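Source file: input.cif; contents: mmCIF, C-alpha atoms and all ligand atoms.
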data_final
#
loop_
_atom_site.label_atom_id
_atom_site.label_comp_id
_atom_site.auth_asym_id
_atom_site.auth_seq_id
_atom_site.Cartn_x
_atom_site.Cartn_y
_atom_site.Cartn_z
CA MET A 701 13.50 -27.07 -12.33
CA LYS A 702 15.89 -26.00 -9.57
CA THR A 703 17.73 -22.74 -9.01
CA GLU A 704 19.53 -20.70 -6.38
CA CYS A 705 17.29 -17.67 -6.94
CA LEU A 706 13.89 -17.33 -8.53
CA ILE A 707 12.96 -13.84 -9.67
CA VAL A 708 9.27 -13.21 -10.25
CA GLY A 709 8.78 -10.29 -12.65
CA GLY A 710 10.80 -9.05 -15.59
CA GLY A 711 10.39 -5.29 -15.35
CA PRO A 712 13.33 -3.00 -14.47
CA ALA A 713 13.61 -4.40 -10.91
CA GLY A 714 13.60 -8.07 -11.88
CA LEU A 715 15.89 -7.63 -14.88
CA LEU A 716 18.52 -5.65 -13.01
CA ALA A 717 18.45 -8.12 -10.10
CA ALA A 718 18.96 -10.97 -12.60
CA THR A 719 21.94 -9.10 -14.06
CA TYR A 720 23.51 -8.64 -10.62
CA LEU A 721 22.90 -12.25 -9.56
CA GLY A 722 24.23 -13.57 -12.89
CA ARG A 723 27.37 -11.51 -12.29
CA PHE A 724 27.60 -13.06 -8.81
CA ARG A 725 27.73 -16.40 -10.72
CA ARG A 726 24.43 -17.53 -9.26
CA SER A 727 21.92 -19.71 -11.06
CA VAL A 728 18.87 -17.56 -11.69
CA ILE A 729 15.46 -18.25 -13.16
CA LEU A 730 13.34 -15.22 -14.02
CA ILE A 731 9.66 -15.73 -14.80
CA ASP A 732 7.77 -12.81 -16.26
CA ALA A 733 4.11 -12.48 -17.23
CA GLY A 734 5.04 -9.69 -19.66
CA ASP A 735 3.00 -6.64 -18.65
CA SER A 736 5.57 -4.36 -17.05
CA ARG A 737 4.34 -0.84 -16.28
CA ALA A 738 7.45 0.30 -18.10
CA LEU A 739 5.93 -0.93 -21.38
CA ARG A 740 3.54 2.04 -21.15
CA ILE A 741 6.28 4.69 -20.86
CA PRO A 742 6.19 6.71 -24.13
CA THR A 743 9.51 8.45 -23.44
CA SER A 744 11.18 8.81 -20.08
CA HIS A 745 13.46 11.76 -19.42
CA ASN A 746 14.51 10.84 -15.90
CA VAL A 747 16.29 7.54 -16.48
CA LEU A 748 20.02 7.78 -15.79
CA ALA A 749 22.29 8.27 -18.83
CA PHE A 750 19.59 8.84 -21.48
CA PRO A 751 19.69 12.64 -21.91
CA ASP A 752 17.47 12.47 -25.00
CA GLY A 753 15.00 10.18 -23.26
CA ILE A 754 14.18 6.53 -23.82
CA SER A 755 10.89 4.67 -24.25
CA GLY A 756 9.89 1.98 -21.77
CA PRO A 757 9.94 -0.83 -24.36
CA GLN A 758 13.44 0.22 -25.52
CA LEU A 759 14.69 0.37 -21.94
CA LEU A 760 13.37 -3.11 -21.18
CA GLU A 761 14.90 -4.51 -24.36
CA ARG A 762 18.32 -3.08 -23.42
CA MET A 763 17.97 -4.46 -19.90
CA ARG A 764 17.05 -7.92 -21.25
CA ILE A 765 20.14 -7.94 -23.50
CA GLN A 766 22.36 -6.95 -20.56
CA CYS A 767 20.76 -9.56 -18.29
CA ASP A 768 21.19 -12.34 -20.88
CA GLU A 769 24.95 -11.65 -20.99
CA TYR A 770 25.28 -13.19 -17.53
CA GLY A 771 23.31 -16.40 -17.87
CA ALA A 772 19.99 -15.84 -16.11
CA LYS A 773 17.33 -18.09 -17.59
CA ARG A 774 14.33 -15.97 -18.53
CA TYR A 775 10.89 -17.44 -19.26
CA ARG A 776 7.51 -15.96 -20.14
CA GLY A 777 5.02 -17.32 -17.64
CA THR A 778 3.20 -16.75 -14.36
CA VAL A 779 4.01 -17.84 -10.84
CA THR A 780 0.69 -18.78 -9.29
CA ARG A 781 1.78 -19.86 -5.80
CA LEU A 782 4.80 -19.81 -3.54
CA SER A 783 5.28 -22.13 -0.59
CA ARG A 784 8.07 -22.84 1.86
CA ALA A 785 9.95 -26.14 1.48
CA ASP A 786 13.24 -27.54 2.88
CA GLY A 787 14.53 -24.16 4.06
CA GLY A 788 13.77 -22.68 0.62
CA PHE A 789 10.70 -22.34 -1.58
CA VAL A 790 8.69 -24.16 -4.20
CA ALA A 791 6.95 -22.10 -6.86
CA ASP A 792 3.95 -23.30 -8.86
CA THR A 793 4.19 -21.88 -12.36
CA ASP A 794 2.58 -22.57 -15.69
CA LEU A 795 5.99 -23.98 -16.70
CA GLY A 796 5.92 -26.51 -13.85
CA MET A 797 7.29 -26.51 -10.30
CA ILE A 798 10.49 -24.64 -9.47
CA ALA A 799 12.52 -25.34 -6.32
CA THR A 800 14.65 -22.43 -5.18
CA ASN A 801 16.76 -21.29 -2.21
CA LYS A 802 15.77 -17.62 -2.45
CA VAL A 803 12.97 -15.64 -4.08
CA LEU A 804 12.90 -12.04 -5.25
CA LEU A 805 9.41 -10.70 -5.90
CA ALA A 806 9.49 -7.89 -8.45
CA THR A 807 5.88 -8.12 -9.54
CA GLY A 808 5.10 -4.38 -9.47
CA GLY A 809 1.64 -2.89 -9.63
CA LEU A 810 -0.88 -1.60 -12.14
CA ASP A 811 -2.54 1.80 -12.30
CA VAL A 812 -6.33 1.89 -11.97
CA GLU A 813 -7.28 3.20 -15.39
CA PRO A 814 -9.93 5.76 -16.39
CA GLU A 815 -12.57 4.80 -18.94
CA VAL A 816 -11.05 6.90 -21.71
CA PRO A 817 -11.71 5.54 -25.22
CA ALA A 818 -8.57 4.13 -26.93
CA LEU A 819 -6.78 4.48 -23.61
CA ARG A 820 -3.54 2.76 -24.65
CA LEU A 821 -3.14 5.21 -27.54
CA ALA A 822 -3.95 8.16 -25.28
CA VAL A 823 -1.21 7.01 -22.85
CA LYS A 824 1.23 6.51 -25.72
CA GLU A 825 0.53 10.03 -26.98
CA GLY A 826 0.94 11.45 -23.47
CA ALA A 827 -2.66 12.73 -23.29
CA VAL A 828 -3.36 10.45 -20.30
CA ARG A 829 -0.66 10.15 -17.66
CA TYR A 830 -0.30 8.59 -14.25
CA CYS A 831 2.79 10.00 -12.62
CA PRO A 832 3.65 13.73 -12.40
CA ILE A 833 7.04 12.85 -10.90
CA CYS A 834 7.79 10.97 -14.12
CA ASP A 835 6.61 13.43 -16.72
CA ALA A 836 5.02 16.68 -15.45
CA PHE A 837 8.07 18.58 -16.70
CA GLU A 838 7.04 17.61 -20.24
CA ALA A 839 3.53 18.92 -19.49
CA SER A 840 4.76 22.47 -18.89
CA GLY A 841 2.40 25.17 -20.13
CA LYS A 842 -0.47 22.73 -20.81
CA ARG A 843 -4.08 22.65 -19.62
CA ILE A 844 -4.08 19.83 -17.11
CA GLY A 845 -6.87 17.88 -15.41
CA LEU A 846 -6.22 15.79 -12.30
CA ILE A 847 -8.80 13.11 -11.62
CA SER A 848 -9.23 11.00 -8.51
CA TYR A 849 -12.06 9.21 -6.71
CA GLY A 850 -13.90 11.59 -4.37
CA LYS A 851 -10.90 12.99 -2.55
CA CYS A 852 -8.50 15.28 -4.38
CA ARG A 853 -4.81 14.44 -4.12
CA VAL A 854 -3.98 17.94 -2.97
CA LYS A 855 -0.20 17.44 -2.89
CA GLU A 856 -0.29 16.11 -6.45
CA ALA A 857 -2.31 19.18 -7.43
CA LEU A 858 0.30 21.47 -5.83
CA LEU A 859 3.02 19.67 -7.79
CA LEU A 860 1.14 19.92 -11.09
CA HIS A 861 0.30 23.58 -10.51
CA ARG A 862 4.01 24.36 -10.98
CA TYR A 863 3.73 23.18 -14.61
CA ALA A 864 0.12 23.73 -15.74
CA SER A 865 -1.16 26.80 -17.59
CA GLN A 866 -4.53 25.91 -16.01
CA LEU A 867 -5.15 23.13 -13.49
CA THR A 868 -8.55 21.56 -12.86
CA VAL A 869 -9.26 18.93 -10.22
CA LEU A 870 -12.05 16.46 -10.88
CA SER A 871 -13.60 13.36 -9.36
CA ALA A 872 -14.69 10.15 -11.07
CA GLY A 873 -17.89 8.35 -10.11
CA GLN A 874 -18.67 10.34 -6.95
CA GLU A 875 -18.88 13.96 -5.75
CA MET A 876 -15.59 15.63 -4.90
CA HIS A 877 -15.14 15.81 -1.12
CA LEU A 878 -12.78 18.55 0.00
CA THR A 879 -12.24 20.05 3.43
CA GLU A 880 -12.55 23.86 3.68
CA THR A 881 -8.77 24.08 4.06
CA GLU A 882 -8.14 21.94 0.97
CA ALA A 883 -10.63 23.92 -1.11
CA ALA A 884 -9.10 27.23 0.03
CA LEU A 885 -5.59 25.97 -0.78
CA LEU A 886 -6.60 24.82 -4.24
CA ARG A 887 -8.35 28.12 -4.94
CA SER A 888 -5.30 30.05 -3.73
CA ILE A 889 -3.21 28.48 -6.49
CA GLY A 890 -5.91 29.21 -9.06
CA ALA A 891 -7.05 25.62 -9.55
CA GLN A 892 -10.54 25.07 -10.85
CA ILE A 893 -12.56 22.61 -8.74
CA VAL A 894 -15.21 20.48 -10.44
CA SER A 895 -17.29 18.94 -7.66
CA GLU A 896 -19.83 17.14 -9.81
CA PRO A 897 -18.60 13.66 -10.76
CA VAL A 898 -17.30 13.01 -14.26
CA ALA A 899 -19.63 10.67 -16.12
CA GLN A 900 -17.73 10.21 -19.37
CA PHE A 901 -14.45 10.89 -21.12
CA TYR A 902 -13.90 11.60 -24.81
CA ARG A 903 -10.75 11.68 -26.90
CA THR A 904 -10.38 14.87 -28.90
CA ASP A 905 -7.81 16.31 -31.31
CA PHE A 906 -6.32 18.36 -28.49
CA GLY A 907 -6.35 15.71 -25.73
CA VAL A 908 -9.12 14.51 -23.44
CA SER A 909 -12.49 15.94 -22.61
CA ALA A 910 -14.35 15.10 -19.36
CA VAL A 911 -18.12 15.47 -19.21
CA THR A 912 -19.94 15.66 -15.88
CA LYS A 913 -23.31 14.06 -15.10
CA SER A 914 -25.21 17.26 -15.95
CA GLY A 915 -23.32 17.62 -19.24
CA ASP A 916 -20.65 20.24 -18.45
CA GLU A 917 -17.59 19.63 -20.59
CA HIS A 918 -14.01 20.28 -19.43
CA ARG A 919 -11.22 20.05 -21.97
CA PHE A 920 -7.62 19.19 -21.21
CA GLU A 921 -4.46 18.72 -23.16
CA ILE A 922 -3.34 16.26 -20.47
CA LEU A 923 -5.34 14.25 -17.95
CA TYR A 924 -3.41 12.98 -14.92
CA CYS A 925 -5.07 10.03 -13.22
CA ALA A 926 -4.77 9.45 -9.49
CA LEU A 927 -7.31 6.64 -9.26
CA GLY A 928 -5.05 4.28 -7.33
CA THR A 929 -2.71 1.34 -7.87
CA ARG A 930 -3.35 -2.39 -7.65
CA PHE A 931 -0.15 -3.83 -6.18
CA ARG A 932 0.60 -7.39 -7.23
CA SER A 933 1.48 -8.67 -3.79
CA ASN A 934 -0.73 -11.78 -3.62
CA LEU A 935 2.24 -14.20 -3.67
CA ALA A 936 3.83 -12.41 -0.73
CA ALA A 937 0.55 -12.07 1.14
CA GLY A 938 0.04 -15.84 0.70
CA LEU A 939 3.24 -16.35 2.71
CA GLY A 940 2.12 -13.95 5.45
CA VAL A 941 4.10 -10.86 4.40
CA PRO A 942 2.48 -7.68 5.76
CA VAL A 943 1.14 -5.19 3.20
CA ASP A 944 -0.20 -1.65 3.59
CA GLU A 945 -3.85 -0.66 3.00
CA ASP A 946 -3.24 -0.52 -0.77
CA GLY A 947 -1.44 -3.88 -0.91
CA ALA A 948 2.12 -2.52 -1.21
CA ILE A 949 4.81 -4.31 0.77
CA LEU A 950 6.60 -2.79 3.73
CA PRO A 951 10.02 -4.47 3.61
CA ARG A 952 12.73 -4.80 6.24
CA ASP A 953 16.42 -3.95 5.83
CA HIS A 954 17.96 -4.74 2.42
CA LEU A 955 14.48 -5.39 0.96
CA ARG A 956 14.03 -8.51 3.11
CA THR A 957 10.57 -9.56 4.21
CA ASN A 958 9.54 -11.28 7.42
CA VAL A 959 9.84 -14.61 5.52
CA PRO A 960 13.51 -15.73 5.55
CA GLY A 961 14.90 -15.88 2.00
CA LEU A 962 12.07 -13.82 0.47
CA PHE A 963 13.03 -10.41 -0.89
CA VAL A 964 11.09 -7.69 -2.76
CA ALA A 965 12.06 -4.92 -5.19
CA GLY A 966 10.48 -2.22 -7.35
CA ASP A 967 6.95 -0.85 -7.49
CA ILE A 968 5.60 -3.65 -5.26
CA VAL A 969 7.41 -1.94 -2.36
CA HIS A 970 5.56 0.86 -0.57
CA GLY A 971 7.02 4.21 -1.62
CA LEU A 972 8.13 5.90 -4.81
CA SER A 973 7.34 4.02 -8.05
CA GLN A 974 10.21 4.90 -10.36
CA VAL A 975 12.75 3.09 -12.53
CA ALA A 976 15.59 4.60 -10.49
CA VAL A 977 14.07 3.30 -7.25
CA ALA A 978 13.36 -0.14 -8.74
CA SER A 979 17.01 -0.26 -9.87
CA ALA A 980 18.31 0.68 -6.43
CA HIS A 981 16.09 -1.93 -4.79
CA ALA A 982 17.35 -4.55 -7.27
CA ALA A 983 21.00 -3.76 -6.53
CA ILE A 984 20.49 -3.88 -2.75
CA ALA A 985 18.26 -6.98 -2.70
CA SER A 986 20.37 -9.03 -5.11
CA THR A 987 23.56 -8.21 -3.20
CA ALA A 988 21.88 -9.28 0.05
CA ILE A 989 20.60 -12.47 -1.60
CA ASN A 990 24.13 -13.34 -2.72
CA ALA A 991 25.46 -12.60 0.77
CA GLU A 992 22.85 -14.92 2.30
CA LEU A 993 23.73 -17.68 -0.20
CA LEU A 994 27.42 -17.30 0.74
CA GLU A 995 26.52 -17.54 4.42
CA ASP A 996 24.37 -20.62 3.80
CA GLU A 997 27.16 -22.31 1.78
CA HIS A 998 29.81 -21.66 4.41
CA GLY A 999 27.68 -22.37 7.46
CA LEU A 1000 27.79 -18.76 8.62
CA SER A 1001 24.05 -18.26 8.90
C1 LIG B 1 2.65 5.68 -18.38
C2 LIG B 1 3.80 5.48 -17.43
C3 LIG B 1 4.92 6.30 -17.51
C4 LIG B 1 5.97 6.13 -16.63
N1 LIG B 1 7.05 6.96 -16.76
C5 LIG B 1 8.12 6.78 -15.95
C6 LIG B 1 9.26 7.63 -16.08
O1 LIG B 1 9.33 8.50 -16.93
N2 LIG B 1 10.29 7.43 -15.21
C7 LIG B 1 10.26 6.46 -14.24
O2 LIG B 1 11.21 6.31 -13.49
N3 LIG B 1 9.18 5.64 -14.11
C8 LIG B 1 8.12 5.77 -14.94
N4 LIG B 1 7.03 4.95 -14.80
C9 LIG B 1 7.02 3.95 -13.69
C10 LIG B 1 7.84 2.71 -14.07
O3 LIG B 1 7.31 2.13 -15.23
C11 LIG B 1 7.82 1.73 -12.92
O4 LIG B 1 8.29 2.36 -11.73
C12 LIG B 1 8.70 0.50 -13.21
O5 LIG B 1 8.26 -0.17 -14.37
C13 LIG B 1 8.67 -0.45 -12.01
O6 LIG B 1 9.42 -1.61 -12.31
P1 LIG B 1 9.10 -3.00 -11.61
O7 LIG B 1 10.11 -3.94 -12.18
O8 LIG B 1 9.00 -2.85 -10.16
O9 LIG B 1 7.62 -3.41 -12.08
P2 LIG B 1 7.06 -3.63 -13.55
O10 LIG B 1 7.87 -2.89 -14.54
O11 LIG B 1 5.61 -3.34 -13.51
O12 LIG B 1 7.29 -5.20 -13.82
C14 LIG B 1 6.63 -6.17 -13.07
C15 LIG B 1 6.57 -7.45 -13.92
O13 LIG B 1 6.17 -8.54 -13.08
C16 LIG B 1 5.32 -9.38 -13.85
N5 LIG B 1 4.50 -10.18 -12.94
C17 LIG B 1 3.58 -9.77 -12.04
N6 LIG B 1 3.05 -10.82 -11.38
C18 LIG B 1 3.67 -11.93 -11.87
C19 LIG B 1 3.57 -13.31 -11.58
N7 LIG B 1 2.76 -13.77 -10.63
N8 LIG B 1 4.33 -14.19 -12.30
C20 LIG B 1 5.19 -13.73 -13.25
N9 LIG B 1 5.34 -12.42 -13.55
C21 LIG B 1 4.59 -11.52 -12.87
C22 LIG B 1 4.49 -8.41 -14.68
O14 LIG B 1 3.93 -9.05 -15.81
C23 LIG B 1 5.56 -7.36 -15.06
O15 LIG B 1 6.17 -7.67 -16.29
C24 LIG B 1 5.94 5.10 -15.64
C25 LIG B 1 4.83 4.25 -15.57
C26 LIG B 1 3.77 4.44 -16.43
C27 LIG B 1 2.57 3.51 -16.35
#
Turn this file's structure into structure tokens for me.
Amino acid sequence: MKTECLIVGGGPAGLLAATYLGRFRRSVILIDAGDSRALRIPTSHNVLAFPDGISGPQLLERMRIQCDEYGAKRYRGTVTRLSRADGGFVADTDLGMIATNKVLLATGGLDVEPEVPALRLAVKEGAVRYCPICDAFEASGKRIGLISYGKCRVKEALLLHRYASQLTVLSAGQEMHLTETEAALLRSIGAQIVSEPVAQFYRTDFGVSAVTKSGDEHRFEILYCALGTRFRSNLAAGLGVPVDEDGAILPRDHLRTNVPGLFVAGDIVHGLSQVAVASAHAAIASTAINAELLEDEHGLS
């Protein structure tokens, strides 16, 4: 297969970029492995123009319908390797090889998950959450736990404190390590600090219960997890694109990378992981991709 632009990833970033590029009358192939983070959104209340909220699956379905209006070819599949060829790229995919002038990587990232039984259901019900920026407002007045590995995300705790009736910070797998200043700050906002590592989680009628190694039980209506993110940047890294210590990409202007013709958008980019940000990236990157294609066609590059 051959195309002007290959988009890897069919979450909000990839789908909106495909819509823009289709509207620029570009040939577009979008390959998506089908596990967008947005699929886990029970109801979002911060997506533009949905005052009553919208679920992630509904949002993606609407975006796919809009994208299909403009001719992008969408396939379910995985891109396993990208290499440079003839001024463009060749992608190895489970659908065969694809030759393309430009590539947009919108492969996102995945949250490191806690070992809570029936986790998917707990996320769907809003008992386990990952992103206070997304949904802490809907957690107002609740008993909230914030779990991380060893170090407490103090700024996340300060944010959650504005909503929680009671906030507890916990650590998974290892003792909580706090500086004196951090501990004093957390105490000053009335947060409870559980230093002993959590050994096990249970689902309960009211939410999630965390039990420490010595058997102390702490009950929450909502557990926020700050255990980290696994960014899916292996295709970019394979081409020599720099990533930060977590694997997120640090792009150049207009979401370009150091590899000519390779762009990035959405959660894979270092920064704020949000639908609004992924959408903005998609608009900027796809417009720059079209501009580069125009320059290439007219010998302006
Ligand atoms: C529980 C939860 C609630 C959230 N709530 C909100 C909210 O209320 N508001 C908000 O703004 N944001 C929210 N988010 C964050 C939001 O879902 C993400 O910011 C958004 O989905 C990022 O879009 P993206 O397109 O960059 O990545 P994704 O949506 O993750 O899509 C990436 C896609 O790329 C595909 N892919 C990866 N590698 C390959 C490959 N090699 N080949 C082919 N395909 C590949 C994946 O399968 C996936 O489908 C929430 C996230 C979670 C988990």
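With distances taken over all atoms listed in the file, A:Thr780 is the one residue among A:Thr929, A:Asn958, A:Thr904, A:Thr780 lying closest to ligand LIG 1 (chain B).
Atom pair atom C20 of ligand LIG 1 (chain B) / atom CA of A:Leu935: separated by 10.0 Å.
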When distances are computed from all atoms listed in the file, which of A:Arg774, A:Arg737, A:Arg843, A:Arg725 shows the smallest separation from A:His918?
A:Arg843
Taking (23.4, -13.3, -6.4) in the coordinates of the supplied file, I want to know which residues reach to within 9 Å of it, counting all atoms listed in the file; could you give the answer as a PDB file with C-alpha atoms, in the frame of the given file?
ATOM      1  CA  GLU A 704      19.530 -20.700  -6.380  1.00  0.00           C
ATOM      2  CA  CYS A 705      17.290 -17.670  -6.940  1.00  0.00           C
ATOM      3  CA  ALA A 717      18.450  -8.120 -10.100  1.00  0.00           C
ATOM      4  CA  ALA A 718      18.960 -10.970 -12.600  1.00  0.00           C
ATOM      5  CA  THR A 719      21.940  -9.100 -14.060  1.00  0.00           C
ATOM      6  CA  TYR A 720      23.510  -8.640 -10.620  1.00  0.00           C
ATOM      7  CA  LEU A 721      22.900 -12.250  -9.560  1.00  0.00           C
ATOM      8  CA  GLY A 722      24.230 -13.570 -12.890  1.00  0.00           C
ATOM      9  CA  ARG A 723      27.370 -11.510 -12.290  1.00  0.00           C
ATOM     10  CA  PHE A 724      27.600 -13.060  -8.810  1.00  0.00           C
ATOM     11  CA  ARG A 725      27.730 -16.400 -10.720  1.00  0.00           C
ATOM     12  CA  ARG A 726      24.430 -17.530  -9.260  1.00  0.00           C
ATOM     13  CA  SER A 727      21.920 -19.710 -11.060  1.00  0.00           C
ATOM     14  CA  VAL A 728      18.870 -17.560 -11.690  1.00  0.00           C
ATOM     15  CA  ALA A 985      18.260  -6.980  -2.700  1.00  0.00           C
ATOM     16  CA  SER A 986      20.370  -9.030  -5.110  1.00  0.00           C
ATOM     17  CA  THR A 987      23.560  -8.210  -3.200  1.00  0.00           C
ATOM     18  CA  ALA A 988      21.880  -9.280   0.050  1.00  0.00           C
ATOM     19  CA  ILE A 989      20.600 -12.470  -1.600  1.00  0.00           C
ATOM     20  CA  ASN A 990      24.130 -13.340  -2.720  1.00  0.00           C
ATOM     21  CA  ALA A 991      25.460 -12.600   0.770  1.00  0.00           C
ATOM     22  CA  GLU A 992      22.850 -14.920   2.300  1.00  0.00           C
ATOM     23  CA  LEU A 993      23.730 -17.680  -0.200  1.00  0.00           C
TER      24      LEU A 993
END
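Of the residues listed (A:Asp768, A:Glu880, A:Asp944, A:Asp811), A:Asp811 shows the shortest atom-to-atom separation from ligand LIG 1 (chain B); distances use all atoms listed in the file.
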Residues within 9 Å of stretch 822-831 of chain A, all atoms listed in the file, excluding chain neighbours under 4 positions, as a list in words
Arg740, Ile741, Pro742, Thr743, Asp811, Glu813, Pro814, Val816, Pro817, Ala818, Asp835, Ala836, Ala839, Arg903, Phe906, Gly907, Val908, Phe920, Glu921, Ile922, Leu923, Tyr924, Cys925, Ala926, Leu927 and Ser973 of chain A
If you measure from atom CA of A:Arg930 to atom CA of A:Thr879, what distance in Å do you get, rounded to one decimal?
26.6 Å
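Nearest residue to ligand LIG 1 (chain B), choosing from A:Arg776, A:Arg952, A:Arg887, A:His861 and counting only C-alpha atoms and all ligand atoms: A:Arg776.
If you measure from each of A:Ser848, A:Ser895, A:Thr800, A:Ser1001 to A:Gly928 using all atoms listed in the file, the closest one turns out to be A:Ser848.
Those residues positioned at most 10 Å from (-18.6, 8.1, -4.2) are A:Tyr849, A:Gly850, A:Lys851, A:Ser871, A:Ala872, A:Gly873, A:Gln874, A:Glu875, A:Met876, A:His877, A:Pro897, judged using all atoms listed in the file.
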Filtering to C-alpha atoms, could you give me those residues as a PDB file, in the coordinates of the input?
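Listed below is the output, selection37.pdb:
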ATOM      1  CA  TYR A 849     -12.060   9.210  -6.710  1.00  0.00           C
ATOM      2  CA  GLY A 850     -13.900  11.590  -4.370  1.00  0.00           C
ATOM      3  CA  LYS A 851     -10.900  12.990  -2.550  1.00  0.00           C
ATOM      4  CA  SER A 871     -13.600  13.360  -9.360  1.00  0.00           C
ATOM      5  CA  ALA A 872     -14.690  10.150 -11.070  1.00  0.00           C
ATOM      6  CA  GLY A 873     -17.890   8.350 -10.110  1.00  0.00           C
ATOM      7  CA  GLN A 874     -18.670  10.340  -6.950  1.00  0.00           C
ATOM      8  CA  GLU A 875     -18.880  13.960  -5.750  1.00  0.00           C
ATOM      9  CA  MET A 876     -15.590  15.630  -4.900  1.00  0.00           C
ATOM     10  CA  HIS A 877     -15.140  15.810  -1.120  1.00  0.00           C
ATOM     11  CA  PRO A 897     -18.600  13.660 -10.760  1.00  0.00           C
TER      12      PRO A 897
END
Using only C-alpha atoms and all ligand atoms, can you tell me which of A:Leu886, A:Leu1000, A:Leu994, A:Met763 comes closest to ligand LIG 1 (chain B)?
A:Met763
Name all residues at most 8 Å from A:Leu730 (count only C-alpha atoms; drop same-chain ones fewer than 5 positions away) and give them as a PyMOL selection string.
chain A and resi 706-710+714+718+772-775
How would stretch 961-975 of chain A look with N, CA and C atoms restored, written as a PDB file, in the coordinates of the input?
ATOM      1  N   GLY A 961      14.596 -15.496   3.385  1.00  0.00           N
ATOM      2  CA  GLY A 961      14.900 -15.880   2.000  1.00  0.00           C
ATOM      3  C   GLY A 961      13.999 -15.237   0.965  1.00  0.00           C
ATOM      4  N   LEU A 962      12.992 -14.479   1.416  1.00  0.00           N
ATOM      5  CA  LEU A 962      12.070 -13.820   0.470  1.00  0.00           C
ATOM      6  C   LEU A 962      12.338 -12.316   0.458  1.00  0.00           C
ATOM      7  N   PHE A 963      12.685 -11.822  -0.719  1.00  0.00           N
ATOM      8  CA  PHE A 963      13.030 -10.410  -0.890  1.00  0.00           C
ATOM      9  C   PHE A 963      12.035  -9.763  -1.865  1.00  0.00           C
ATOM     10  N   VAL A 964      11.976  -8.422  -1.843  1.00  0.00           N
ATOM     11  CA  VAL A 964      11.090  -7.690  -2.760  1.00  0.00           C
ATOM     12  C   VAL A 964      11.863  -6.520  -3.376  1.00  0.00           C
ATOM     13  N   ALA A 965      11.412  -6.070  -4.545  1.00  0.00           N
ATOM     14  CA  ALA A 965      12.060  -4.920  -5.190  1.00  0.00           C
ATOM     15  C   ALA A 965      11.087  -4.260  -6.155  1.00  0.00           C
ATOM     16  N   GLY A 966      11.239  -2.948  -6.321  1.00  0.00           N
ATOM     17  CA  GLY A 966      10.480  -2.220  -7.350  1.00  0.00           C
ATOM     18  C   GLY A 966       9.154  -1.677  -6.851  1.00  0.00           C
ATOM     19  N   ASP A 967       8.230  -1.510  -7.788  1.00  0.00           N
ATOM     20  CA  ASP A 967       6.950  -0.850  -7.490  1.00  0.00           C
ATOM     21  C   ASP A 967       6.140  -1.576  -6.425  1.00  0.00           C
ATOM     22  N   ILE A 968       6.368  -2.877  -6.252  1.00  0.00           N
ATOM     23  CA  ILE A 968       5.600  -3.650  -5.260  1.00  0.00           C
ATOM     24  C   ILE A 968       5.887  -3.155  -3.835  1.00  0.00           C
ATOM     25  N   VAL A 969       7.012  -2.454  -3.669  1.00  0.00           N
ATOM     26  CA  VAL A 969       7.410  -1.940  -2.360  1.00  0.00           C
ATOM     27  C   VAL A 969       6.711  -0.599  -2.120  1.00  0.00           C
ATOM     28  N   HIS A 970       6.185  -0.408  -0.946  1.00  0.00           N
ATOM     29  CA  HIS A 970       5.560   0.860  -0.570  1.00  0.00           C
ATOM     30  C   HIS A 970       6.555   2.018  -0.776  1.00  0.00           C
ATOM     31  N   GLY A 971       6.127   3.065  -1.453  1.00  0.00           N
ATOM     32  CA  GLY A 971       7.020   4.210  -1.620  1.00  0.00           C
ATOM     33  C   GLY A 971       6.942   4.782  -3.015  1.00  0.00           C
ATOM     34  N   LEU A 972       8.074   5.182  -3.535  1.00  0.00           N
ATOM     35  CA  LEU A 972       8.130   5.900  -4.810  1.00  0.00           C
ATOM     36  C   LEU A 972       8.279   4.922  -5.978  1.00  0.00           C
ATOM     37  N   SER A 973       7.321   4.956  -6.902  1.00  0.00           N
ATOM     38  CA  SER A 973       7.340   4.020  -8.050  1.00  0.00           C
ATOM     39  C   SER A 973       8.092   4.669  -9.210  1.00  0.00           C
ATOM     40  N   GLN A 974       9.341   4.321  -9.336  1.00  0.00           N
ATOM     41  CA  GLN A 974      10.210   4.900 -10.360  1.00  0.00           C
ATOM     42  C   GLN A 974      11.228   3.858 -10.812  1.00  0.00           C
ATOM     43  N   VAL A 975      11.720   4.006 -12.026  1.00  0.00           N
ATOM     44  CA  VAL A 975      12.750   3.090 -12.530  1.00  0.00           C
ATOM     45  C   VAL A 975      14.009   3.194 -11.664  1.00  0.00           C
TER      46      VAL A 975
END
